[in-house]
Structure formats: C-alpha cells, structure tokens
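Dumped query-v4.cif below, it's mmCIF, C-alpha atoms:
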data_work
loop_
_atom_site.group_PDB
_atom_site.id
_atom_site.type_symbol
_atom_site.label_atom_id
_atom_site.label_comp_id
_atom_site.auth_asym_id
_atom_site.auth_seq_id
_atom_site.Cartn_x
_atom_site.Cartn_y
_atom_site.Cartn_z
ATOM 1 C CA ASP A 1380 -67.971 12.784 27.321
ATOM 2 C CA GLY A 1381 -64.467 11.341 27.106
ATOM 3 C CA GLY A 1382 -62.230 11.556 30.096
ATOM 4 C CA ILE A 1383 -60.482 9.932 33.019
ATOM 5 C CA THR A 1384 -62.277 8.954 36.182
ATOM 6 C CA GLN A 1385 -60.672 8.178 39.499
ATOM 7 C CA SER A 1386 -62.511 6.832 42.463
ATOM 8 C CA PRO A 1387 -62.993 7.484 45.222
ATOM 9 C CA LYS A 1388 -62.083 11.169 45.621
ATOM 10 C CA TYR A 1389 -61.193 10.675 49.285
ATOM 11 C CA LEU A 1390 -60.006 7.424 50.834
ATOM 12 C CA PHE A 1391 -59.145 6.626 54.416
ATOM 13 C CA ARG A 1392 -57.329 3.484 55.537
ATOM 14 C CA LYS A 1393 -55.661 2.087 58.603
ATOM 15 C CA GLU A 1394 -51.946 1.492 58.555
ATOM 16 C CA GLY A 1395 -51.057 -2.014 57.444
ATOM 17 C CA GLN A 1396 -53.939 -2.381 54.992
ATOM 18 C CA ASN A 1397 -53.533 -2.588 51.254
ATOM 19 C CA VAL A 1398 -55.746 -0.233 49.256
ATOM 20 C CA THR A 1399 -56.529 -0.074 45.541
ATOM 21 C CA LEU A 1400 -57.146 3.183 43.689
ATOM 22 C CA SER A 1401 -59.218 3.050 40.545
ATOM 23 C CA CYS A 1402 -58.409 4.766 37.239
ATOM 24 C CA GLU A 1403 -60.571 4.377 34.136
ATOM 25 C CA GLN A 1404 -60.330 6.207 30.810
ATOM 26 C CA ASN A 1405 -62.601 6.193 27.766
ATOM 27 C CA LEU A 1406 -60.253 8.201 25.562
ATOM 28 C CA ASN A 1407 -58.902 5.080 23.839
ATOM 29 C CA HIS A 1408 -55.421 6.057 25.006
ATOM 30 C CA ASP A 1409 -52.671 3.478 24.948
ATOM 31 C CA ALA A 1410 -50.483 4.872 27.731
ATOM 32 C CA MET A 1411 -51.508 5.410 31.334
ATOM 33 C CA TYR A 1412 -49.614 6.845 34.301
ATOM 34 C CA TRP A 1413 -49.801 7.070 38.079
ATOM 35 C CA TYR A 1414 -48.310 10.048 39.903
ATOM 36 C CA ARG A 1415 -48.003 10.967 43.527
ATOM 37 C CA GLN A 1416 -48.170 14.558 44.736
ATOM 38 C CA ASP A 1417 -46.938 15.726 48.144
ATOM 39 C CA PRO A 1418 -47.115 19.290 49.485
ATOM 40 C CA GLY A 1419 -44.309 21.459 48.141
ATOM 41 C CA GLN A 1420 -43.124 18.828 45.692
ATOM 42 C CA GLY A 1421 -43.637 18.233 42.014
ATOM 43 C CA LEU A 1422 -45.577 15.230 40.771
ATOM 44 C CA ARG A 1423 -43.530 12.047 40.907
ATOM 45 C CA LEU A 1424 -44.045 9.059 38.641
ATOM 46 C CA ILE A 1425 -44.982 5.786 40.343
ATOM 47 C CA TYR A 1426 -45.743 3.454 37.437
ATOM 48 C CA TYR A 1427 -46.673 3.736 33.795
ATOM 49 C CA SER A 1428 -47.992 1.463 31.094
ATOM 50 C CA GLN A 1429 -47.718 1.984 27.365
ATOM 51 C CA ILE A 1430 -49.708 -1.052 26.331
ATOM 52 C CA VAL A 1431 -52.048 -3.641 27.796
ATOM 53 C CA ASN A 1432 -50.348 -6.306 29.922
ATOM 54 C CA ASP A 1433 -47.137 -4.299 30.197
ATOM 55 C CA PHE A 1434 -45.993 -1.680 32.693
ATOM 56 C CA GLN A 1435 -42.778 -0.086 33.941
ATOM 57 C CA LYS A 1436 -41.627 1.262 37.279
ATOM 58 C CA GLY A 1437 -41.329 4.986 37.655
ATOM 59 C CA ASP A 1438 -39.160 6.893 40.086
ATOM 60 C CA ILE A 1439 -40.941 5.865 43.300
ATOM 61 C CA ALA A 1440 -42.424 2.412 42.645
ATOM 62 C CA GLU A 1441 -41.469 0.818 45.960
ATOM 63 C CA GLY A 1442 -44.528 -0.158 47.977
ATOM 64 C CA TYR A 1443 -46.891 0.089 45.010
ATOM 65 C CA SER A 1444 -48.198 -2.369 42.441
ATOM 66 C CA VAL A 1445 -50.270 -2.022 39.262
ATOM 67 C CA SER A 1446 -52.001 -4.111 36.631
ATOM 68 C CA ARG A 1447 -53.076 -3.361 33.072
ATOM 69 C CA GLU A 1448 -55.467 -6.117 32.028
ATOM 70 C CA LYS A 1449 -57.665 -3.796 29.974
ATOM 71 C CA LYS A 1450 -56.783 -0.768 27.865
ATOM 72 C CA GLU A 1451 -59.182 1.482 29.744
ATOM 73 C CA SER A 1452 -58.198 0.496 33.285
ATOM 74 C CA PHE A 1453 -54.987 0.956 35.294
ATOM 75 C CA PRO A 1454 -55.573 0.338 39.016
ATOM 76 C CA LEU A 1455 -52.915 1.191 41.588
ATOM 77 C CA THR A 1456 -52.507 -0.786 44.801
ATOM 78 C CA VAL A 1457 -50.825 0.927 47.712
ATOM 79 C CA THR A 1458 -49.387 -1.882 49.806
ATOM 80 C CA SER A 1459 -48.525 -1.959 53.477
ATOM 81 C CA ALA A 1460 -44.861 -1.815 52.398
ATOM 82 C CA GLN A 1461 -45.259 1.831 51.343
ATOM 83 C CA LYS A 1462 -43.759 3.739 54.253
ATOM 84 C CA ASN A 1463 -45.569 7.021 53.794
ATOM 85 C CA PRO A 1464 -48.709 6.404 51.739
ATOM 86 C CA THR A 1465 -50.688 9.515 52.668
ATOM 87 C CA ALA A 1466 -50.669 11.679 49.529
ATOM 88 C CA PHE A 1467 -52.678 12.880 46.559
ATOM 89 C CA TYR A 1468 -52.637 10.372 43.681
ATOM 90 C CA LEU A 1469 -53.208 11.371 40.072
ATOM 91 C CA CYS A 1470 -53.797 9.141 37.088
ATOM 92 C CA ALA A 1471 -53.097 10.313 33.544
ATOM 93 C CA SER A 1472 -53.244 8.966 30.016
ATOM 94 C CA ARG A 1473 -52.118 9.843 26.505
ATOM 95 C CA THR A 1474 -52.010 8.398 23.030
ATOM 96 C CA THR A 1475 -48.709 7.065 21.756
ATOM 97 C CA GLY A 1476 -48.610 8.569 18.282
ATOM 98 C CA LEU A 1477 -45.716 10.661 17.019
ATOM 99 C CA SER A 1478 -47.101 14.000 18.224
ATOM 100 C CA SER A 1479 -48.917 12.822 21.297
ATOM 101 C CA TYR A 1480 -46.963 14.203 24.220
ATOM 102 C CA GLU A 1481 -49.996 15.762 25.889
ATOM 103 C CA GLN A 1482 -51.208 13.940 28.953
ATOM 104 C CA TYR A 1483 -54.759 14.110 30.245
ATOM 105 C CA PHE A 1484 -55.248 13.956 34.000
ATOM 106 C CA GLY A 1485 -57.941 12.507 36.196
ATOM 107 C CA PRO A 1486 -59.417 14.407 39.173
ATOM 108 C CA GLY A 1487 -57.213 12.586 41.700
ATOM 109 C CA THR A 1488 -57.699 10.536 44.858
ATOM 110 C CA ARG A 1489 -56.601 11.868 48.224
ATOM 111 C CA LEU A 1490 -55.473 8.945 50.382
ATOM 112 C CA THR A 1491 -55.087 9.296 54.122
ATOM 113 C CA VAL A 1492 -53.559 6.454 56.108
ATOM 114 C CA THR A 1493 -53.653 6.593 59.896
ATOM 115 C CA LYS B 958 -30.828 20.438 41.510
ATOM 116 C CA ASN B 959 -34.204 19.649 39.986
ATOM 117 C CA GLU B 960 -34.378 19.101 36.258
ATOM 118 C CA VAL B 961 -37.279 21.566 36.074
ATOM 119 C CA GLU B 962 -37.150 24.746 38.136
ATOM 120 C CA GLN B 963 -40.013 27.208 38.489
ATOM 121 C CA SER B 964 -40.061 30.715 39.875
ATOM 122 C CA PRO B 965 -41.519 32.207 41.869
ATOM 123 C CA GLN B 966 -42.855 29.515 44.200
ATOM 124 C CA ASN B 967 -45.608 31.845 45.409
ATOM 125 C CA LEU B 968 -47.071 34.903 43.743
ATOM 126 C CA THR B 969 -49.746 37.293 44.970
ATOM 127 C CA ALA B 970 -51.212 39.864 42.608
ATOM 128 C CA GLN B 971 -54.024 42.382 42.456
ATOM 129 C CA GLU B 972 -56.789 41.901 39.958
ATOM 130 C CA GLY B 973 -55.811 43.330 36.594
ATOM 131 C CA GLU B 974 -52.061 42.911 36.986
ATOM 132 C CA PHE B 975 -49.841 41.285 34.379
ATOM 133 C CA ILE B 976 -48.328 38.075 35.713
ATOM 134 C CA THR B 977 -45.259 36.114 34.643
ATOM 135 C CA ILE B 978 -44.219 32.671 35.819
ATOM 136 C CA ASN B 979 -40.875 31.280 34.732
ATOM 137 C CA CYS B 980 -39.629 27.763 34.059
ATOM 138 C CA SER B 981 -36.074 26.596 33.387
ATOM 139 C CA TYR B 982 -35.058 23.068 32.539
ATOM 140 C CA SER B 983 -31.762 21.277 32.250
ATOM 141 C CA VAL B 984 -32.548 18.262 30.059
ATOM 142 C CA GLY B 985 -33.314 17.671 26.415
ATOM 143 C CA ILE B 986 -37.025 17.798 25.779
ATOM 144 C CA SER B 987 -39.611 16.945 23.158
ATOM 145 C CA ALA B 988 -42.108 19.505 24.419
ATOM 146 C CA LEU B 989 -42.876 21.738 27.390
ATOM 147 C CA HIS B 990 -46.239 21.820 29.105
ATOM 148 C CA TRP B 991 -47.981 24.365 31.272
ATOM 149 C CA LEU B 992 -50.625 22.875 33.547
ATOM 150 C CA GLN B 993 -53.135 24.407 35.935
ATOM 151 C CA GLN B 994 -54.203 22.794 39.195
ATOM 152 C CA HIS B 995 -57.179 24.184 41.087
ATOM 153 C CA PRO B 996 -57.737 23.698 44.841
ATOM 154 C CA GLY B 997 -59.826 20.587 44.223
ATOM 155 C CA GLY B 998 -56.713 18.935 42.831
ATOM 156 C CA GLY B 999 -57.649 18.232 39.223
ATOM 157 C CA ILE B 1000 -55.091 19.231 36.601
ATOM 158 C CA VAL B 1001 -55.823 20.690 33.180
ATOM 159 C CA SER B 1002 -53.385 21.242 30.362
ATOM 160 C CA LEU B 1003 -53.040 24.885 29.314
ATOM 161 C CA PHE B 1004 -50.315 24.681 26.695
ATOM 162 C CA MET B 1005 -47.987 22.249 25.055
ATOM 163 C CA LEU B 1006 -45.214 23.862 23.036
ATOM 164 C CA SER B 1007 -41.898 22.961 21.482
ATOM 165 C CA SER B 1008 -40.992 26.335 19.988
ATOM 166 C CA GLY B 1009 -42.080 29.953 19.812
ATOM 167 C CA LYS B 1010 -45.226 31.238 21.400
ATOM 168 C CA LYS B 1011 -48.849 30.226 21.952
ATOM 169 C CA LYS B 1012 -51.797 32.318 23.056
ATOM 170 C CA HIS B 1013 -55.153 31.291 24.454
ATOM 171 C CA GLY B 1014 -57.396 34.055 25.682
ATOM 172 C CA ARG B 1015 -55.502 35.971 28.386
ATOM 173 C CA LEU B 1016 -52.773 33.337 28.632
ATOM 174 C CA ILE B 1017 -49.540 33.422 26.655
ATOM 175 C CA ALA B 1018 -46.754 30.837 26.771
ATOM 176 C CA THR B 1019 -43.320 31.261 25.253
ATOM 177 C CA ILE B 1020 -40.316 28.998 25.009
ATOM 178 C CA ASN B 1021 -36.664 29.620 24.180
ATOM 179 C CA ILE B 1022 -35.128 26.274 23.292
ATOM 180 C CA GLN B 1023 -31.541 27.581 23.200
ATOM 181 C CA GLU B 1024 -31.831 29.052 26.689
ATOM 182 C CA LYS B 1025 -33.970 26.157 27.987
ATOM 183 C CA HIS B 1026 -36.473 28.589 29.413
ATOM 184 C CA SER B 1027 -40.215 29.133 29.194
ATOM 185 C CA SER B 1028 -42.574 31.756 30.553
ATOM 186 C CA LEU B 1029 -46.290 31.768 31.208
ATOM 187 C CA HIS B 1030 -47.943 35.174 31.127
ATOM 188 C CA ILE B 1031 -51.419 36.096 32.308
ATOM 189 C CA THR B 1032 -52.773 39.421 31.158
ATOM 190 C CA ALA B 1033 -55.495 41.291 33.082
ATOM 191 C CA SER B 1034 -55.401 38.757 35.910
ATOM 192 C CA HIS B 1035 -58.617 37.813 37.691
ATOM 193 C CA PRO B 1036 -59.319 36.079 41.017
ATOM 194 C CA ARG B 1037 -60.496 33.005 39.106
ATOM 195 C CA ASP B 1038 -56.912 32.637 37.832
ATOM 196 C CA SER B 1039 -55.871 31.700 41.377
ATOM 197 C CA ALA B 1040 -54.410 28.220 41.137
ATOM 198 C CA VAL B 1041 -51.135 26.312 41.073
ATOM 199 C CA TYR B 1042 -49.372 26.546 37.720
ATOM 200 C CA ILE B 1043 -47.071 23.662 36.886
ATOM 201 C CA CYS B 1044 -44.361 23.459 34.258
ATOM 202 C CA ALA B 1045 -43.517 20.004 32.922
ATOM 203 C CA VAL B 1046 -41.195 18.732 30.189
ATOM 204 C CA SER B 1047 -41.607 15.700 27.938
ATOM 205 C CA SER B 1048 -38.695 13.389 27.395
ATOM 206 C CA GLY B 1049 -39.574 10.143 25.662
ATOM 207 C CA SER B 1050 -42.784 8.769 27.151
ATOM 208 C CA ARG B 1051 -42.417 10.540 30.492
ATOM 209 C CA LEU B 1052 -43.091 13.949 31.973
ATOM 210 C CA THR B 1053 -40.863 15.653 34.546
ATOM 211 C CA PHE B 1054 -42.604 18.272 36.650
ATOM 212 C CA GLY B 1055 -41.602 21.454 38.369
ATOM 213 C CA GLU B 1056 -42.789 22.069 41.915
ATOM 214 C CA GLY B 1057 -45.444 24.514 40.831
ATOM 215 C CA THR B 1058 -46.193 28.192 41.404
ATOM 216 C CA GLN B 1059 -49.055 29.090 43.731
ATOM 217 C CA LEU B 1060 -50.790 32.141 42.266
ATOM 218 C CA THR B 1061 -53.277 34.161 44.292
ATOM 219 C CA VAL B 1062 -55.088 37.034 42.615
ATOM 220 C CA ASN B 1063 -56.891 39.342 45.011
ATOM 221 C CA PRO B 1064 -59.922 41.405 43.992
#
So, in terms of structure tokens, how does the structure I just supplied come out?
Amino acid sequence: DGGITQSPKYLFRKEGQNVTLSCEQNLNHDAMYWYRQDPGQGLRLIYYSQIVNDFQKGDIAEGYSVSREKKESFPLTVTSAQKNPTAFYLCASRTTGLSSYEQYFGPGTRLTVT
Amino acid sequence: KNEVEQSPQNLTAQEGEFITINCSYSVGISALHWLQQHPGGGIVSLFMLSSGKKKHGRLIATINIQEKHSSLHITASHPRDSAVYICAVSSGSRLTFGEGTQLTVNP
C-alpha cells in the first residue's frame, strides 16, 4: 500500500537534546512538508521541499532543520534552539503536477520535551 | 486576523442531525480543502474543490468563490463522525489552515 509513514508515534526527550523525526513516503511524490500542530491552533508550516536536495523555510523554521537526500525521505530535526518543541508534528507530501494541490498526510509524531 | 477562519470552533450534535461547518478565507486560492482529523491525530482529505459542490456519501462540500466562503455539511450525523474538521486553502505550493472545528455527535 502507498502512503506516508512517520516514526515513532510518541517521542520523549530531555530539554537540550536534538531529536530527529522520520518521514518516509512511497507515493513517488516530489514535494514534502513538515507541519506543527498545537492545541487550539491551525497547522503551521515548518519546512517544505519540492525536489531532492532543495528545501525552503516555512513560517516557523527557527530551531528546526531538515534534509532531502532522497525523494522518499524528509527527516526533521528539532534542535535545542527550539524554545517550545513539545507539539504534534505532521509530515505531508504531494505531486507537483498542474492539478496536484491535494496533500497526503502521515499519522504524526507527538513529541514531548521535559 | 487569520487568513482562514472557521466557525463554529466547537459543535455538539445529536445523532441524526444535519451539521454545517463554515469556512471563510481572505486570500486568493487555487483550491479549498476539507480535512478530517480523528483523536489519534492522523489527517485524511475529505474534499478538494475549486468551484461548485462535491458530494461523498453523507458529506457535501460547497464553495462560493466570489464570497470566499465554503461550507461542509454532514447529513444524518453519526457518532463516528466525531472528529476535528479542518478547512485549508491552497496558494501556490503551500496550504494555509484554519484552526479546526471540533465536532462531537452524541448517540
């Protein structure tokens, strides 16, 4: 089955540690996205990538880093510079054809930093 | 003011009721999306539309481009419809999301 996988589902870290969230897709999609979701707020874009070896900052990129070495993988690192990292993180992907606005979402990773 | 506004924020209904969730946006868009998020957190796409009306089972989505407004209707609501419903708009390669509407349908 095609889809997006994120692992782990729940992640706990101590303050000051970097942590990397995994996102893999086998949909052959060109574009991939990372969003953050906080209670009572809409999803906010952290980073996105429209092609391998290229990515752009979203609205809240500070304290995060990404890489896109392979088409199917777009890992997100939450660094110790992120002031409030506890949140629900969602990865998404889509094709980049003319009528390809629909994004497909992964199941999410809930990160708790104490 | 958010670019995408949803109402209501919370909605409680009895099983069988007709439900409407509204979405207004203030930017130019390529398409509007209705998404569903269940308590586990995963998000599924219900509709993507750029004009008119779409229907899938008990769900109906409409959009009025001139008024920059969309509605999601659920007919004969059921407890399994309980979820957060999110409106999002496409502009270029990005989506902008509303804050979501928490729907609870009681038996």
Apply the PyMOL selection byres ((chain B) within 6 of (chain A)) to the structure shown and report the selected residues as number ranges by chain.
B: 999-1000, 1054-1056
Name every residue that the PyMOL selection byres ((chain B and resi 1003) around 7) selects in this structure, writing the answer as a PDB file with C-alpha atoms, keeping the file's coordinate frame with chains first and numbers rising.
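Output (result.pdb):
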ATOM      1  CA  TRP B 991     -47.981  24.365  31.272  1.00  0.00           C
ATOM      2  CA  LEU B 992     -50.625  22.875  33.547  1.00  0.00           C
ATOM      3  CA  GLN B 993     -53.135  24.407  35.935  1.00  0.00           C
ATOM      4  CA  VAL B1001     -55.823  20.690  33.180  1.00  0.00           C
ATOM      5  CA  SER B1002     -53.385  21.242  30.362  1.00  0.00           C
ATOM      6  CA  PHE B1004     -50.315  24.681  26.695  1.00  0.00           C
TER       7      PHE B1004
END
Mind telling me what the PyMOL selection byres ((chain B and resi 1011) around 12) catches here, as number ranges by chain?
B: 989-991, 1003-1010, 1012-1020, 1027-1030
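Taking atom CA of A:Thr1456 and atom CA of B:Gly1057 as endpoints, the distance between them is 26.6 Å.
For the point (-61.9, 5.7, 60.3), the residues with an atom at a distance of at most 10 Å are Leu1390, Phe1391, Arg1392, Lys1393, Thr1491, Val1492 and Thr1493 of chain A, counting only C-alpha atoms.
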